[in-house]
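Structure file model-v8.txt; described as compact mmCIF, C-alpha atoms and all ligand atoms.
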```txt
# COMPACT_ATOMS: atom_id res chain seq x y z
CA MET A 64 26.71 12.56 -33.46
CA ALA A 65 27.03 9.61 -31.11
CA GLY A 66 24.22 7.14 -31.61
CA THR A 67 22.25 5.10 -29.12
CA LEU A 68 23.53 1.64 -28.23
CA PHE A 69 21.65 -1.12 -26.41
CA ASP A 70 23.44 -2.01 -23.17
CA SER A 71 22.40 -5.66 -22.86
CA ILE A 72 21.95 -8.87 -24.85
CA ILE A 73 18.18 -8.90 -24.39
CA PHE A 74 16.13 -5.70 -24.46
CA GLY A 75 12.44 -4.88 -24.32
CA PRO A 76 9.83 -5.97 -25.09
CA LEU A 77 9.42 -2.79 -27.13
CA THR A 78 6.51 -1.86 -29.35
CA SER A 79 7.78 -1.99 -32.89
CA ARG A 80 6.08 -0.22 -35.84
CA ARG A 81 6.53 -3.31 -37.95
CA LEU A 82 6.63 -6.24 -35.52
CA GLY A 83 4.33 -5.43 -32.60
CA ALA A 84 5.48 -6.51 -29.08
CA SER A 85 9.09 -7.31 -29.85
CA LEU A 86 11.74 -8.76 -27.55
CA GLY A 87 15.09 -7.57 -28.87
CA ILE A 88 18.16 -9.78 -29.09
CA ASN A 89 21.46 -7.97 -29.46
CA LEU A 90 24.27 -10.33 -30.49
CA LEU A 91 26.75 -7.50 -30.70
CA PRO A 92 28.96 -5.65 -28.23
CA THR A 93 27.20 -3.22 -25.88
CA THR A 94 29.92 -0.57 -26.03
CA ILE A 95 30.52 -0.31 -29.75
CA LYS A 96 28.53 -0.54 -32.98
CA PHE A 97 29.55 -3.61 -34.99
CA CYS A 98 28.46 -3.43 -38.60
CA SER A 99 29.59 -4.01 -42.17
CA PHE A 100 27.72 -0.88 -43.25
CA ASN A 101 27.95 2.74 -42.16
CA CYS A 102 24.48 3.93 -43.18
CA ILE A 103 24.02 7.68 -43.17
CA TYR A 104 20.74 7.26 -41.25
CA CYS A 105 21.93 4.74 -38.61
CA GLU A 106 20.43 5.24 -35.15
CA CYS A 107 23.56 3.66 -33.59
CA GLY A 108 25.74 6.49 -34.99
CA TRP A 109 28.76 6.13 -37.29
CA THR A 110 30.66 2.83 -37.60
CA GLU A 111 34.21 3.25 -36.24
CA THR A 112 37.03 2.21 -38.58
CA ASN A 113 38.68 -0.24 -36.17
CA HIS A 114 35.43 -1.54 -34.69
CA ILE A 115 36.02 -5.19 -35.60
CA GLU A 116 39.40 -5.31 -33.82
CA LYS A 117 37.93 -3.66 -30.70
CA ALA A 118 34.81 -5.79 -30.53
CA GLN A 119 34.18 -8.44 -27.88
CA LEU A 120 31.28 -10.64 -28.80
CA TYR A 121 29.01 -12.64 -26.50
CA THR A 122 29.22 -16.40 -26.98
CA ALA A 123 26.27 -18.46 -28.22
CA LYS A 124 26.03 -19.94 -24.71
CA GLU A 125 25.83 -16.51 -23.03
CA ILE A 126 23.14 -15.46 -25.49
CA ARG A 127 21.16 -18.68 -24.98
CA THR A 128 21.29 -18.30 -21.19
CA ALA A 129 20.22 -14.63 -21.27
CA LEU A 130 17.36 -15.36 -23.66
CA GLU A 131 16.09 -18.34 -21.69
CA GLU A 132 16.09 -16.37 -18.41
CA ARG A 133 14.11 -13.52 -19.96
CA LEU A 134 11.63 -15.77 -21.78
CA LEU A 135 10.98 -17.74 -18.60
CA TYR A 136 10.39 -14.51 -16.66
CA LEU A 137 8.04 -13.09 -19.33
CA LYS A 138 6.11 -16.35 -19.48
CA GLU A 139 5.62 -16.27 -15.71
CA GLN A 140 4.39 -12.67 -16.03
CA HIS A 141 1.96 -13.72 -18.83
CA VAL A 142 3.51 -11.22 -21.26
CA ASN A 143 2.58 -11.95 -24.87
CA LEU A 144 5.25 -11.44 -27.50
CA ASN A 145 4.71 -11.05 -31.23
CA SER A 146 8.36 -11.34 -32.18
CA LEU A 147 11.80 -12.30 -30.87
CA THR A 148 13.82 -9.88 -32.93
CA PHE A 149 17.51 -9.93 -33.79
CA ALA A 150 18.52 -6.30 -34.07
CA GLY A 151 20.68 -4.20 -31.74
CA ASN A 152 24.08 -2.59 -32.10
CA GLY A 153 24.88 -3.44 -35.70
CA GLU A 154 24.56 -6.41 -38.04
CA PRO A 155 23.50 -9.67 -36.28
CA THR A 156 24.63 -12.01 -39.08
CA MET A 157 28.25 -10.91 -38.49
CA HIS A 158 28.27 -12.97 -35.28
CA PRO A 159 30.41 -16.06 -36.10
CA GLN A 160 27.91 -18.40 -34.33
CA PHE A 161 24.82 -16.83 -35.90
CA VAL A 162 23.58 -20.08 -37.49
CA GLU A 163 23.82 -21.96 -34.16
CA ILE A 164 22.15 -19.06 -32.33
CA ILE A 165 19.17 -19.20 -34.71
CA ASP A 166 18.66 -22.90 -33.93
CA ASP A 167 18.93 -22.21 -30.17
CA THR A 168 16.37 -19.42 -30.48
CA ILE A 169 13.91 -21.62 -32.37
CA ARG A 170 14.15 -24.23 -29.57
CA LEU A 171 13.62 -21.62 -26.83
CA ARG A 172 10.77 -19.93 -28.73
CA ASP A 173 8.99 -23.27 -29.13
CA LEU A 174 9.35 -23.88 -25.39
CA TYR A 175 8.44 -20.49 -23.91
CA ALA A 176 6.71 -18.33 -26.56
CA PRO A 177 5.34 -20.66 -29.26
CA ASN A 178 3.04 -17.98 -30.74
CA SER A 179 5.86 -15.58 -31.36
CA LYS A 180 7.77 -15.32 -34.63
CA ILE A 181 11.51 -14.93 -34.81
CA SER A 182 12.59 -11.95 -36.89
CA VAL A 183 16.03 -10.97 -38.14
CA LEU A 184 16.69 -7.45 -39.38
CA SER A 185 19.75 -7.79 -41.60
CA ASN A 186 21.73 -5.59 -43.96
CA SER A 187 22.16 -8.47 -46.46
CA THR A 188 25.97 -8.34 -46.54
CA MET A 189 26.87 -11.73 -45.04
CA LEU A 190 24.78 -13.97 -47.29
CA ALA A 191 27.76 -15.68 -48.90
CA LYS A 192 28.67 -17.26 -45.53
CA GLU A 193 28.09 -21.01 -45.29
CA ASN A 194 24.50 -21.97 -44.30
CA MET A 195 23.52 -18.30 -43.85
CA ILE A 196 20.63 -18.22 -46.34
CA GLU A 197 19.37 -21.57 -45.03
CA ALA A 198 19.40 -20.24 -41.43
CA LEU A 199 17.63 -17.02 -42.41
CA THR A 200 14.89 -18.81 -44.30
CA LYS A 201 13.96 -20.70 -41.09
CA VAL A 202 12.78 -17.39 -39.61
CA ASN A 203 11.05 -14.15 -40.54
CA ASN A 204 13.96 -12.49 -42.32
CA ILE A 205 13.79 -8.80 -43.22
CA MET A 206 16.61 -7.88 -45.56
CA LYS A 207 17.86 -4.40 -46.39
CA LEU A 208 17.87 -3.03 -49.95
CA ASP A 209 17.96 0.76 -49.95
CA ALA A 210 19.27 1.64 -53.40
CA GLY A 211 18.70 1.12 -57.09
CA SER A 212 22.12 2.16 -58.38
CA GLU A 213 25.59 1.20 -57.23
CA GLN A 214 26.43 4.87 -56.70
CA MET A 215 23.43 5.49 -54.41
CA PHE A 216 24.20 2.26 -52.52
CA GLN A 217 27.73 3.52 -51.77
CA LEU A 218 26.42 6.94 -50.71
CA ILE A 219 23.66 5.67 -48.42
CA ASN A 220 24.99 2.43 -46.95
CA LYS A 221 28.74 3.13 -47.13
CA PRO A 222 29.84 -0.53 -46.94
CA LYS A 223 32.96 -1.14 -44.84
CA ASN A 224 34.03 -4.04 -47.05
CA ARG A 225 34.12 -4.13 -50.85
CA ILE A 226 30.69 -5.63 -51.33
CA THR A 227 28.67 -4.27 -54.25
CA LEU A 228 24.93 -3.80 -54.70
CA ARG A 229 25.03 -6.27 -57.56
CA GLU A 230 26.52 -8.99 -55.31
CA ILE A 231 23.85 -8.35 -52.68
CA VAL A 232 21.01 -8.59 -55.20
CA GLU A 233 22.47 -11.85 -56.58
CA GLN A 234 22.41 -13.33 -53.05
CA LEU A 235 18.87 -12.09 -52.34
CA ILE A 236 17.64 -13.83 -55.50
CA LYS A 237 18.84 -17.12 -53.95
CA PHE A 238 16.17 -16.89 -51.22
CA ASP A 239 13.69 -18.01 -53.85
CA GLY A 240 11.12 -15.50 -52.62
CA LYS A 241 11.32 -16.55 -48.93
CA LEU A 242 12.23 -13.09 -47.68
CA ILE A 243 10.92 -9.63 -46.87
CA ILE A 244 12.76 -6.61 -48.23
CA GLN A 245 13.06 -3.45 -46.11
CA SER A 246 13.94 -0.21 -47.88
CA MET A 247 14.69 3.11 -46.21
CA PHE A 248 14.08 6.22 -48.32
CA VAL A 249 15.92 9.45 -47.56
CA ARG A 250 17.00 12.68 -49.16
CA GLY A 251 19.87 14.95 -48.15
CA GLU A 252 23.39 16.04 -48.77
CA MET A 253 26.80 15.01 -47.50
CA GLU A 254 30.09 16.77 -48.20
CA GLY A 255 28.48 18.63 -51.11
CA VAL A 256 27.07 15.48 -52.74
CA ALA A 257 23.29 15.16 -53.12
CA ILE A 258 21.77 11.92 -51.82
CA ASP A 259 18.26 10.93 -52.91
CA ASN A 260 17.07 7.37 -53.45
CA THR A 261 13.57 8.60 -54.36
CA LEU A 262 14.63 10.00 -57.78
CA ASP A 263 12.70 8.42 -60.66
CA SER A 264 15.86 6.80 -62.06
CA GLU A 265 16.71 5.33 -58.63
CA ILE A 266 13.20 3.99 -58.05
CA GLU A 267 13.17 2.42 -61.50
CA ALA A 268 16.48 0.62 -60.88
CA TRP A 269 15.35 -0.44 -57.38
CA LEU A 270 12.09 -1.84 -58.80
CA GLN A 271 14.09 -3.92 -61.26
CA HIS A 272 15.94 -5.48 -58.32
CA ILE A 273 12.65 -6.10 -56.50
CA GLN A 274 11.25 -7.73 -59.64
CA ALA A 275 14.29 -10.02 -59.87
CA ILE A 276 14.20 -10.92 -56.14
CA GLN A 277 10.41 -11.50 -55.93
CA PRO A 278 10.13 -11.06 -52.13
CA LYS A 279 6.90 -11.95 -50.35
CA GLU A 280 6.68 -8.36 -49.09
CA VAL A 281 8.46 -5.01 -49.31
CA MET A 282 8.55 -2.69 -46.27
CA VAL A 283 8.88 0.93 -47.34
CA TYR A 284 9.82 3.44 -44.65
CA SER A 285 11.73 6.59 -43.80
CA LEU A 286 13.42 8.14 -40.79
CA ASP A 287 11.91 7.61 -37.38
CA ARG A 288 14.59 9.08 -35.14
CA ARG A 289 17.38 11.60 -35.55
CA PRO A 290 20.11 10.20 -37.87
CA PRO A 291 23.90 10.80 -37.51
CA LEU A 292 23.82 12.99 -40.62
CA ALA A 293 21.79 16.01 -39.58
CA ARG A 294 21.14 17.20 -43.16
CA LEU A 295 18.92 14.27 -43.94
CA GLU A 296 15.25 14.68 -44.69
CA LYS A 297 12.42 12.32 -43.84
CA ILE A 298 10.33 11.23 -46.83
CA MET A 299 6.69 11.81 -46.02
CA GLU A 300 3.98 9.19 -46.20
CA PRO A 301 2.28 10.25 -49.50
CA GLN A 302 5.55 9.80 -51.40
CA LEU A 303 6.27 6.49 -49.64
CA GLU A 304 2.77 5.35 -50.66
CA LEU A 305 3.53 6.17 -54.30
CA ILE A 306 6.67 4.05 -54.11
CA ALA A 307 4.76 1.19 -52.44
CA GLU A 308 2.11 1.38 -55.15
CA LYS A 309 4.77 0.82 -57.82
CA VAL A 310 5.79 -2.36 -55.99
CA ARG A 311 2.15 -3.51 -55.85
CA GLN A 312 1.95 -3.03 -59.63
CA LEU A 313 4.52 -5.84 -59.81
CA ASN A 314 2.04 -8.03 -57.89
CA ILE A 315 4.24 -7.90 -54.79
CA LYS A 316 2.84 -6.91 -51.39
CA ALA A 317 4.13 -3.58 -50.09
CA SER A 318 3.52 -1.75 -46.79
CA VAL A 319 4.47 1.74 -45.65
CA TYR A 320 5.76 2.25 -42.08
S1 LIG B 401 23.01 -1.78 -41.44
FE1 LIG B 401 21.81 -1.13 -39.67
S2 LIG B 401 23.26 -1.09 -37.97
FE2 LIG B 401 24.45 -1.17 -39.84
S3 LIG B 401 24.93 0.94 -40.30
FE3 LIG B 401 23.07 0.42 -41.43
S4 LIG B 401 21.39 1.01 -40.08
FE4 LIG B 401 23.24 0.93 -38.83
```

Could you take the file, read its structure, and then write that structure out as structure tokens?
Amino acid sequence: MAGTLFDSIIFGPLTSRRLGASLGINLLPTTIKFCSFNCIYCECGWTETNHIEKAQLYTAKEIRTALEERLLYLKEQHVNLNSLTFAGNGEPTMHPQFVEIIDDTIRLRDLYAPNSKISVLSNSTMLAKENMIEALTKVNNIMKLDAGSEQMFQLINKPKNRITLREIVEQLIKFDGKLIIQSMFVRGEMEGVAIDNTLDSEIEAWLQHIQAIQPKEVMVYSLDRRPPLARLEKIMEPQLELIAEKVRQLNIKASVY
């Protein structure tokens, strides 16, 4: 299934389940998904094998100009924003000028939308890059952690590089608690292999990672729109609540979306 791509740098404001009135910032190409993961539930569709070679990225200057124009317009229209949100057609932290773009966005936010937070939805794969954790801790960072075991991580997130779940968890621990974890729960089957990150053994392993990371909050959620893998089942709210309650028993805030 082909997914849905955003066709501009700035999109919205949209009403987000988690962030309210959210102005989207897409640092990635508008014609191709650009991501280090190939999640089985991705709304952008499958990640193409040669996507990095084909990609043409906007420069930090182009992004700054587009954001400033839109923020100025929204200010003149008296539109209130809750969040300037880095999301879009893949993984925003893969942009080579991401750190500079965060600083630009903080300056523009302070000028045009001082009551709005800046949020980054990230898949947690680029945290070893220089200054990346420092840049992310300046903003409302929401980092992906979908699996408890290495095997489930490979099945659900299908990393395009050789990164392991263990490496990701080690990097997330370095945030020193200044992060939010987002975890998608799904159940299904692909090429004859069962996929279920809600199994007791998976939840137990995932909780151990959460305990080690000590985030300020965990966002627990399931499918909202149709995923690329049709045989994937949405986890219903009562089960998500049970998972969230296990996080709360660790004295960590958890919300279901
Ligand atoms: S990390 Fe996000 S953009 Fe990348 S494949 Fe997963 S859901 Fe899609």

Let me have all residues with an atom within 8 Å of ligand LIG 401 (chain B), counting all atoms listed in the file, laid out as an NGL selection string.
:A and (96-110 or 151-154 or 185-186 or 207 or 220)

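Between atom CA of A:Ile315 and atom CA of A:Ile226 lies a distance of 26.8 Å.
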
In Å to one decimal, how far is atom CA of A:Arg311 from atom CA of A:Glu280?
9.5 Å

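Note that atom CA of A:Lys221 and atom CA of A:Ile88 are 24.6 Å apart.
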
Find the residues near A:Leu77: any atom within 12 Å, counting only C-alpha atoms, skip ones fewer than 5 places away on the same chain, and give them as a PyMOL selection string.
chain A and resi 82-88+142-148+150

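The neighbours of A:Asp167 here are the residues that come within 10 Å of it, using only C-alpha atoms and leaving out any residue fewer than 2 positions away in the same chain; they are Ala123, Lys124, Ile126, Arg127, Leu130, Glu131, Phe161, Val162, Glu163, Ile164, Ile165, Ile169, Arg170, Leu171 and Arg172 of chain A.
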
Using only C-alpha atoms, which residues sit within 10 Å of A:Leu235 once same-chain residues fewer than 3 positions away are excluded, as a ChimeraX atom specification?
/A:187-188,190,196,206-208,229-232,238-244,272-273,275-278

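Proximity of A:Tyr284, A:Trp269, A:Asn204, A:Ile95 to A:Leu228, computed with all atoms listed in the file, is greatest for A:Trp269.
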
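The protein and nucleic acid residues lying at most 9 Å from A:Ala210 are Glu213, Gln214, Met215, Phe216, Gln217, Ile219, Asn220, Leu228, Ser246, Met247, Phe248, Asn260, Glu265, Ile266, Ala268 and Trp269 of chain A, with only C-alpha atoms considered and sequence neighbours fewer than 3 positions away removed.
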
Draw an axis-aligned box over all listed atoms of stretch 123-126 of chain A, pad each side with 8 Å, and write its centre and edge lengths in Å, one decimal, as JSON.
```
{"center_x": 24.7, "center_y": -17.7, "center_z": -25.6, "size_x": 19.1, "size_y": 20.5, "size_z": 21.2}
```

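Taking all atoms listed in the file into account, A:Thr128 lies nearest to A:Thr168 out of the set A:Asn314, A:Thr94, A:Gln245, A:Thr168.
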
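Counting all atoms listed in the file and comparing A:Val310, A:Ile72, A:Leu286, A:Val256, the residue that lies closest to A:Gln274 is A:Val310.
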